[in-house]
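Structure record follows, encoded as C-alpha cells.
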There are 2 protein chains.
Amino acid sequence: MPKIVDHDERRREIAEVVLAIIARHGVAGVTLNNVAEESGWSRGVLSHYFTNKDHLLEAGLRQGMRTISTNIDEAATDPDARNALRRVLEEVLPLDERRLAFARVYVAFLAEAIVTEHLRHYFTYNHEAWRTVLETLLQRGESEQTWRLAESPSTLSSRLGALTEGLRMRALIDPALTPSAQRAQLDAWVDDWLDR
Amino acid sequence: MPKIVDHDERRREIAEVVLAIIARHGVAGVTLNNVAEESGWSRGVLSHYFTNKDHLLEAGLRQGMRTISTNIDEAATDPDARNALRRVLEEVLPLDERRLAFARVYVAFLAEAIVTEHLRHYFTYNHEAWRTVLETLLQRGESEQTWRLAESPSTLSSRLGALTEGLRMRALIDPALTPSAQRAQLDAWVDDWLDR
C-alpha cells in the first residue's frame with residue numbers, strides 16, 4: 001500500500017516547530033536550517049511546504065492563531081463568567097512560552113499587515129471575533145447577575161480589547177511586566193469595570 | 001572661507017524625508033534611492049550619514065520621537081488640563097500624516113526591539129517618560145479641581161497609556177478607525193474616568 005501523507009498535519013507540525021523556535025530565540029531565530037534541524041525533516045521536504053522564511057513565519061502565525069481561537073472558544077464556556085472573561089483576555093497576553101511566541105510573531109507581522117491587504121483583513125477579522133466573544137461574555141455575566149456594567153457590552157469589549165492589546169505590546173519589551181504583573185493589571189481593570 | 005556643514009541638521013533633514021516617504025508609501029517604500037531622490041542629496045552624500053536602509057529607518061524613528069517629545073512637553077502646559085491631557089494622548093495616535101508615519105515606523109521597530117537591548121531601553125524609557133507626563137497631568141487636574149479621579153494618578157496613567165497604545169495598533173490596520181473614530185474612543189475613556 002502506498003504511504004498516505006497527511007500534508008495538512010505535516011504543515012501544522014512544522015508550524016509548531018517554528019513557534020517553539022520563536023519562543024526560545026525570537027523571530028530572527030527562524031531559518032530553514034534551524035527548522036529542518038528541530039523538526040527532523042530535511043530542507044528538501046521543508047521546501048516542499050514552505051519556500052522561504054516568511055512562509056514559515058506566516059505558518060507559525062496562523063497555527064498560533066488557530067490554537068488561540070480553540071482555547072478562546074473553550075474558555076468562553078467556563079461555567080464561571082468571571083473566570084471565562086479572564087481566560088479569554090489572558091489568552092492573548094505573553095504569559096507563557098506559547099503565548100510569548102505568538103505575541104512575537106504577531107508583532108512581526110503587524111508592520112507587514114499595514115501594507116498587505118490579506119493580512120490586514122486576517123488581523124481585523126480575528127480581532128473582531130475576539131471582541132465579539134468578549135461582548136457576549138459581558139452580556140452573559142450581566143444576565144447571570146455576576147456583575148453590573150457601567151457601559152454597554154459593546155463599548156466595554158472594545159475598551160478591554162484595546163487595553164489588553166496595549167498591555168501585550170508593552171509586556172513584550174518591558175521586563176517589569178512579568179506574567180504576574182500583567183495579571184495584576186488585567187484583574188484591576190476587570191474589577192474596576194464590572195462592579196460599579 | 002570653508003563651508004561649514006551642520007551634520008546634525010543634515011541628518012535631521014534626511015530623517016524627515018524618511019518619515020515623509022513612510023507616510024505615503026509605508027516602511028517598505030524607504031530605499032536609499034528613494035531617499036536620495038526626495039531629499040535632493042546624492043547616494044554618495046547619503047551613505048556618508050546612513051550606511052543602509054535600517055539606519056535610515058532608525059533615524060526616522062528617532063526624529064519622529066524627538067518631535068513627539070517636544071509636542072508633548074508643549075501640550076502638557078496647555079492652560080486647560082483636559083485639553084492638555086487629550087493632546088498628550090492624541091500625540092501618539094495616527095491622526096494625521098506625521099503621526100501615521102511615526103506609528104508605522106514604531107511598529108516596524110517593535111519586533112526588533114524585542115531582541116535588541118538598546119531599542120528595548122529606548123522604547124521603555126520613552127514610554128515611561130510619556131506615562132509620567134500623563135500622571136503629572138492627572139494630578140494637576142485633580143488639584144485644580146478640573147476632575148476627580150476614581151483611581152490613583154499612577155494607576156490611571158498606566159491604564160490610559162495601555163488603552164492608547166492598543167488603539168494605535170488597531171488604527172494602523174483597521175480602516176474603520178478613522179481619526180474621528182479614534183478621537184471618539186479617546187474622549188469616551190477620558191470622560192468616563194475623570195468625572196465619577
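Identifiers for the C-alpha cells are assigned positionally: chains receive A, B, ... in sequence, residues are indexed from 1 per chain, and ligands are indexed from 1 in the order shown.
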
Once you count only C-alpha atoms, what closest atom pair and distance in Å to one decimal does each residue of chain B within 7 Å of chain A have, with rows by chain and rising residue number, as a Markdown table?
```
| residue | atom | partner | partner_atom | distance |
| --- | --- | --- | --- | --- |
| B:Gly26 | CA | A:Val115 | CA | 6.9 |
| B:Arg104 | CA | A:Ala111 | CA | 6.8 |
| B:Val107 | CA | A:Ala111 | CA | 5.7 |
| B:Ala108 | CA | A:Ala111 | CA | 5.1 |
| B:Ala111 | CA | A:Ala108 | CA | 5.1 |
| B:Ala113 | CA | A:Ile173 | CA | 6.7 |
| B:Ile114 | CA | A:Ile173 | CA | 5.3 |
| B:Val115 | CA | A:Gly26 | CA | 6.9 |
| B:Arg120 | CA | A:Ile173 | CA | 5.7 |
| B:Thr124 | CA | A:Asp174 | CA | 6.1 |
| B:Ala162 | CA | A:Gly166 | CA | 4.3 |
| B:Leu163 | CA | A:Leu163 | CA | 4.3 |
| B:Glu165 | CA | A:Gly166 | CA | 4.8 |
| B:Gly166 | CA | A:Gly166 | CA | 3.9 |
| B:Leu167 | CA | A:Ala162 | CA | 5.5 |
| B:Leu172 | CA | A:Ile114 | CA | 6.2 |
| B:Ile173 | CA | A:Ile114 | CA | 5.3 |
| B:Asp174 | CA | A:Thr124 | CA | 6.1 |
```

Any chance you could lay chain B over chain A, fitting all C-alpha atoms in order by least squares, and write the moved chain as an mmCIF file with C-alpha atoms, in the first residue's frame?
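File written: out26.cif
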```cif
data_model
loop_
_atom_site.group_PDB
_atom_site.id
_atom_site.type_symbol
_atom_site.label_atom_id
_atom_site.label_comp_id
_atom_site.auth_asym_id
_atom_site.auth_seq_id
_atom_site.Cartn_x
_atom_site.Cartn_y
_atom_site.Cartn_z
ATOM 1 C CA MET B 1 0.114 0.025 -0.086
ATOM 2 C CA PRO B 2 1.358 3.524 -0.803
ATOM 3 C CA LYS B 3 2.118 5.579 2.277
ATOM 4 C CA ILE B 4 -0.540 8.219 2.819
ATOM 5 C CA VAL B 5 0.951 11.553 3.806
ATOM 6 C CA ASP B 6 -1.283 13.972 5.667
ATOM 7 C CA HIS B 7 0.117 17.206 4.278
ATOM 8 C CA ASP B 8 -2.003 19.463 6.502
ATOM 9 C CA GLU B 9 -0.843 17.594 9.556
ATOM 10 C CA ARG B 10 2.774 17.904 8.478
ATOM 11 C CA ARG B 11 2.356 21.648 7.850
ATOM 12 C CA ARG B 12 0.902 22.091 11.344
ATOM 13 C CA GLU B 13 3.709 20.084 12.864
ATOM 14 C CA ILE B 14 6.312 22.257 11.136
ATOM 15 C CA ALA B 15 4.439 25.416 12.173
ATOM 16 C CA GLU B 16 4.596 24.279 15.809
ATOM 17 C CA VAL B 17 8.363 23.886 15.464
ATOM 18 C CA VAL B 18 8.509 27.450 14.121
ATOM 19 C CA LEU B 19 6.628 28.696 17.195
ATOM 20 C CA ALA B 20 8.900 26.750 19.554
ATOM 21 C CA ILE B 21 11.952 28.361 17.951
ATOM 22 C CA ILE B 22 10.394 31.837 18.242
ATOM 23 C CA ALA B 23 9.691 31.247 21.945
ATOM 24 C CA ARG B 24 13.367 30.483 22.596
ATOM 25 C CA HIS B 25 15.233 32.629 20.051
ATOM 26 C CA GLY B 26 12.783 35.187 18.693
ATOM 27 C CA VAL B 27 11.588 35.641 15.143
ATOM 28 C CA ALA B 28 15.174 36.134 13.929
ATOM 29 C CA GLY B 29 15.994 32.567 15.043
ATOM 30 C CA VAL B 30 13.693 31.094 12.395
ATOM 31 C CA THR B 31 15.718 29.899 9.400
ATOM 32 C CA LEU B 32 15.118 26.977 7.034
ATOM 33 C CA ASN B 33 18.184 25.298 8.554
ATOM 34 C CA ASN B 34 17.003 25.668 12.156
ATOM 35 C CA VAL B 35 13.517 24.442 11.344
ATOM 36 C CA ALA B 36 14.947 21.479 9.436
ATOM 37 C CA GLU B 37 17.163 20.572 12.366
ATOM 38 C CA GLU B 38 14.443 20.925 15.030
ATOM 39 C CA SER B 39 11.698 19.225 13.061
ATOM 40 C CA GLY B 40 13.796 16.338 11.808
ATOM 41 C CA TRP B 41 12.642 16.979 8.229
ATOM 42 C CA SER B 42 15.250 17.616 5.548
ATOM 43 C CA ARG B 43 15.444 20.991 3.845
ATOM 44 C CA GLY B 44 14.190 19.231 0.726
ATOM 45 C CA VAL B 45 10.991 18.112 2.452
ATOM 46 C CA LEU B 46 10.578 21.519 4.126
ATOM 47 C CA SER B 47 10.892 23.377 0.841
ATOM 48 C CA HIS B 48 8.067 21.234 -0.506
ATOM 49 C CA TYR B 49 5.786 23.002 2.029
ATOM 50 C CA PHE B 50 7.412 26.371 2.632
ATOM 51 C CA THR B 51 9.558 28.156 0.083
ATOM 52 C CA ASN B 52 11.127 30.773 2.352
ATOM 53 C CA LYS B 53 11.412 32.165 5.844
ATOM 54 C CA ASP B 54 8.355 34.441 5.496
ATOM 55 C CA HIS B 55 6.177 31.439 4.652
ATOM 56 C CA LEU B 56 7.460 29.632 7.725
ATOM 57 C CA LEU B 57 6.664 32.631 9.906
ATOM 58 C CA GLU B 58 3.202 33.053 8.443
ATOM 59 C CA ALA B 59 2.563 29.349 9.092
ATOM 60 C CA GLY B 60 3.586 29.946 12.718
ATOM 61 C CA LEU B 61 1.268 32.959 12.931
ATOM 62 C CA ARG B 62 -1.703 31.011 11.566
ATOM 63 C CA GLN B 63 -1.022 27.943 13.679
ATOM 64 C CA GLY B 64 -0.732 30.113 16.810
ATOM 65 C CA MET B 65 -3.959 31.911 15.907
ATOM 66 C CA ARG B 66 -5.804 28.587 15.446
ATOM 67 C CA THR B 67 -4.680 27.416 18.885
ATOM 68 C CA ILE B 68 -5.768 30.708 20.436
ATOM 69 C CA SER B 69 -9.187 30.548 18.745
ATOM 70 C CA THR B 70 -9.721 27.011 20.011
ATOM 71 C CA ASN B 71 -8.679 27.984 23.538
ATOM 72 C CA ILE B 72 -10.878 31.083 23.500
ATOM 73 C CA ASP B 73 -13.904 29.070 22.429
ATOM 74 C CA GLU B 74 -13.256 26.670 25.266
ATOM 75 C CA ALA B 75 -12.535 29.396 27.837
ATOM 76 C CA ALA B 76 -15.722 31.245 26.914
ATOM 77 C CA THR B 77 -17.792 28.284 28.101
ATOM 78 C CA ASP B 78 -16.239 28.280 31.592
ATOM 79 C CA PRO B 79 -19.230 28.002 33.965
ATOM 80 C CA ASP B 80 -17.911 30.975 35.982
ATOM 81 C CA ALA B 81 -18.392 34.100 33.837
ATOM 82 C CA ARG B 82 -15.603 36.002 35.593
ATOM 83 C CA ASN B 83 -13.140 33.157 35.033
ATOM 84 C CA ALA B 84 -14.273 32.894 31.438
ATOM 85 C CA LEU B 85 -13.632 36.608 30.853
ATOM 86 C CA ARG B 86 -10.243 36.493 32.490
ATOM 87 C CA ARG B 87 -9.183 33.436 30.485
ATOM 88 C CA VAL B 88 -10.337 34.956 27.183
ATOM 89 C CA LEU B 89 -8.343 38.120 27.889
ATOM 90 C CA GLU B 90 -5.274 36.254 29.141
ATOM 91 C CA GLU B 91 -5.159 34.133 26.019
ATOM 92 C CA VAL B 92 -3.569 36.991 24.028
ATOM 93 C CA LEU B 93 -1.027 38.095 26.669
ATOM 94 C CA PRO B 94 2.557 36.744 26.636
ATOM 95 C CA LEU B 95 2.100 34.805 29.898
ATOM 96 C CA ASP B 96 3.963 31.633 28.960
ATOM 97 C CA GLU B 97 6.212 30.338 26.170
ATOM 98 C CA ARG B 98 3.352 29.514 23.826
ATOM 99 C CA ARG B 99 1.693 32.904 24.153
ATOM 100 C CA LEU B 100 5.023 34.731 24.090
ATOM 101 C CA ALA B 101 5.877 33.071 20.766
ATOM 102 C CA PHE B 102 2.508 34.063 19.360
ATOM 103 C CA ALA B 103 2.749 37.676 20.553
ATOM 104 C CA ARG B 104 6.183 37.958 18.955
ATOM 105 C CA VAL B 105 5.169 36.603 15.586
ATOM 106 C CA TYR B 106 2.014 38.729 15.727
ATOM 107 C CA VAL B 107 4.057 41.907 16.204
ATOM 108 C CA ALA B 108 6.463 40.829 13.473
ATOM 109 C CA PHE B 109 3.518 40.702 11.055
ATOM 110 C CA LEU B 110 1.787 43.859 12.285
ATOM 111 C CA ALA B 111 4.133 46.092 10.325
ATOM 112 C CA GLU B 112 3.562 43.981 7.235
ATOM 113 C CA ALA B 113 -0.190 43.899 7.808
ATOM 114 C CA ILE B 114 -0.292 47.683 7.442
ATOM 115 C CA VAL B 115 0.616 47.364 3.769
ATOM 116 C CA THR B 116 -0.648 43.861 2.931
ATOM 117 C CA GLU B 117 -4.379 43.609 2.380
ATOM 118 C CA HIS B 118 -4.902 39.897 3.059
ATOM 119 C CA LEU B 119 -3.005 40.180 6.375
ATOM 120 C CA ARG B 120 -4.923 43.316 7.328
ATOM 121 C CA HIS B 121 -8.206 41.494 6.797
ATOM 122 C CA TYR B 122 -6.918 38.468 8.671
ATOM 123 C CA PHE B 123 -5.877 40.563 11.684
ATOM 124 C CA THR B 124 -9.044 42.654 11.686
ATOM 125 C CA TYR B 125 -11.259 39.593 11.307
ATOM 126 C CA ASN B 126 -9.598 37.760 14.190
ATOM 127 C CA HIS B 127 -9.638 40.793 16.457
ATOM 128 C CA GLU B 128 -13.319 41.351 15.762
ATOM 129 C CA ALA B 129 -14.051 37.675 16.511
ATOM 130 C CA TRP B 130 -12.242 38.006 19.837
ATOM 131 C CA ARG B 131 -14.034 41.255 20.679
ATOM 132 C CA THR B 132 -17.373 39.634 19.908
ATOM 133 C CA VAL B 133 -16.582 36.808 22.355
ATOM 134 C CA LEU B 134 -15.807 39.468 24.980
ATOM 135 C CA GLU B 135 -19.061 41.299 24.280
ATOM 136 C CA THR B 136 -21.094 38.095 24.536
ATOM 137 C CA LEU B 137 -19.383 37.222 27.823
ATOM 138 C CA LEU B 138 -20.019 40.669 29.265
ATOM 139 C CA GLN B 139 -23.707 40.288 28.414
ATOM 140 C CA ARG B 140 -23.796 36.785 29.857
ATOM 141 C CA GLY B 141 -22.318 37.923 33.176
ATOM 142 C CA GLU B 142 -24.891 40.689 33.353
ATOM 143 C CA SER B 143 -27.841 38.398 32.678
ATOM 144 C CA GLU B 144 -26.464 35.871 35.187
ATOM 145 C CA GLN B 145 -26.121 38.782 37.631
ATOM 146 C CA THR B 146 -22.412 38.089 38.086
ATOM 147 C CA TRP B 147 -21.758 41.806 37.542
ATOM 148 C CA ARG B 148 -23.348 45.080 36.609
ATOM 149 C CA LEU B 149 -21.844 47.022 33.711
ATOM 150 C CA ALA B 150 -21.247 50.761 33.786
ATOM 151 C CA GLU B 151 -21.194 50.902 29.970
ATOM 152 C CA SER B 152 -22.695 48.895 27.121
ATOM 153 C CA PRO B 153 -21.140 45.449 26.490
ATOM 154 C CA SER B 154 -20.057 46.683 23.066
ATOM 155 C CA THR B 155 -18.220 49.736 24.449
ATOM 156 C CA LEU B 156 -16.612 47.771 27.263
ATOM 157 C CA SER B 157 -15.476 44.984 24.964
ATOM 158 C CA SER B 158 -13.674 47.497 22.695
ATOM 159 C CA ARG B 159 -12.080 49.084 25.707
ATOM 160 C CA LEU B 160 -10.928 45.813 27.273
ATOM 161 C CA GLY B 161 -9.659 44.750 23.854
ATOM 162 C CA ALA B 162 -7.573 47.908 23.380
ATOM 163 C CA LEU B 163 -6.227 47.722 26.950
ATOM 164 C CA THR B 164 -5.205 44.104 26.589
ATOM 165 C CA GLU B 165 -3.587 44.744 23.230
ATOM 166 C CA GLY B 166 -1.643 47.701 24.630
ATOM 167 C CA LEU B 167 -0.518 45.630 27.609
ATOM 168 C CA ARG B 168 0.636 42.847 25.299
ATOM 169 C CA MET B 169 2.844 45.269 23.325
ATOM 170 C CA ARG B 170 4.319 46.735 26.486
ATOM 171 C CA ALA B 171 4.939 43.318 28.049
ATOM 172 C CA LEU B 172 6.977 42.278 25.016
ATOM 173 C CA ILE B 173 9.615 44.912 25.634
ATOM 174 C CA ASP B 174 9.352 45.905 29.296
ATOM 175 C CA PRO B 175 10.879 43.284 31.627
ATOM 176 C CA ALA B 176 8.984 44.833 34.578
ATOM 177 C CA LEU B 177 5.784 43.414 33.107
ATOM 178 C CA THR B 178 6.250 39.868 34.341
ATOM 179 C CA PRO B 179 3.335 37.449 33.938
ATOM 180 C CA SER B 180 2.134 38.220 37.471
ATOM 181 C CA ALA B 181 2.357 41.988 36.843
ATOM 182 C CA GLN B 182 0.337 41.542 33.654
ATOM 183 C CA ARG B 183 -2.297 39.511 35.510
ATOM 184 C CA ALA B 184 -2.488 42.136 38.265
ATOM 185 C CA GLN B 185 -3.210 44.889 35.716
ATOM 186 C CA LEU B 186 -5.834 42.810 33.968
ATOM 187 C CA ASP B 187 -7.570 41.920 37.239
ATOM 188 C CA ALA B 188 -7.657 45.560 38.300
ATOM 189 C CA TRP B 189 -9.375 46.602 35.064
ATOM 190 C CA VAL B 190 -11.877 43.796 35.209
ATOM 191 C CA ASP B 191 -12.695 44.496 38.851
ATOM 192 C CA ASP B 192 -12.943 48.214 38.204
ATOM 193 C CA TRP B 193 -15.392 47.938 35.323
ATOM 194 C CA LEU B 194 -17.521 45.061 36.385
ATOM 195 C CA ASP B 195 -18.574 46.014 39.856
ATOM 196 C CA ARG B 196 -19.656 49.584 39.943
#
```

Going by DSSP on the backbone, which residues of stretch 11-176 of chain A come out as helix (DSSP H, G or I)? List them as JSON, numbers by chain.
{"A": [11, 12, 13, 14, 15, 16, 17, 18, 19, 20, 21, 22, 23, 24, 25, 27, 28, 29, 32, 33, 34, 35, 36, 37, 38, 39, 43, 44, 45, 46, 47, 48, 49, 53, 54, 55, 56, 57, 58, 59, 60, 61, 62, 63, 64, 65, 66, 67, 68, 69, 70, 71, 72, 73, 74, 75, 81, 82, 83, 84, 85, 86, 87, 88, 89, 90, 97, 98, 99, 100, 101, 102, 103, 104, 105, 106, 107, 108, 109, 110, 111, 112, 113, 114, 115, 117, 118, 119, 120, 121, 122, 123, 124, 125, 126, 127, 128, 129, 130, 131, 132, 133, 134, 135, 136, 137, 138, 139, 140, 141, 142, 143, 153, 154, 155, 156, 157, 158, 159, 160, 161, 162, 163, 164, 165, 166, 167, 168, 169, 170, 171, 172, 173]}
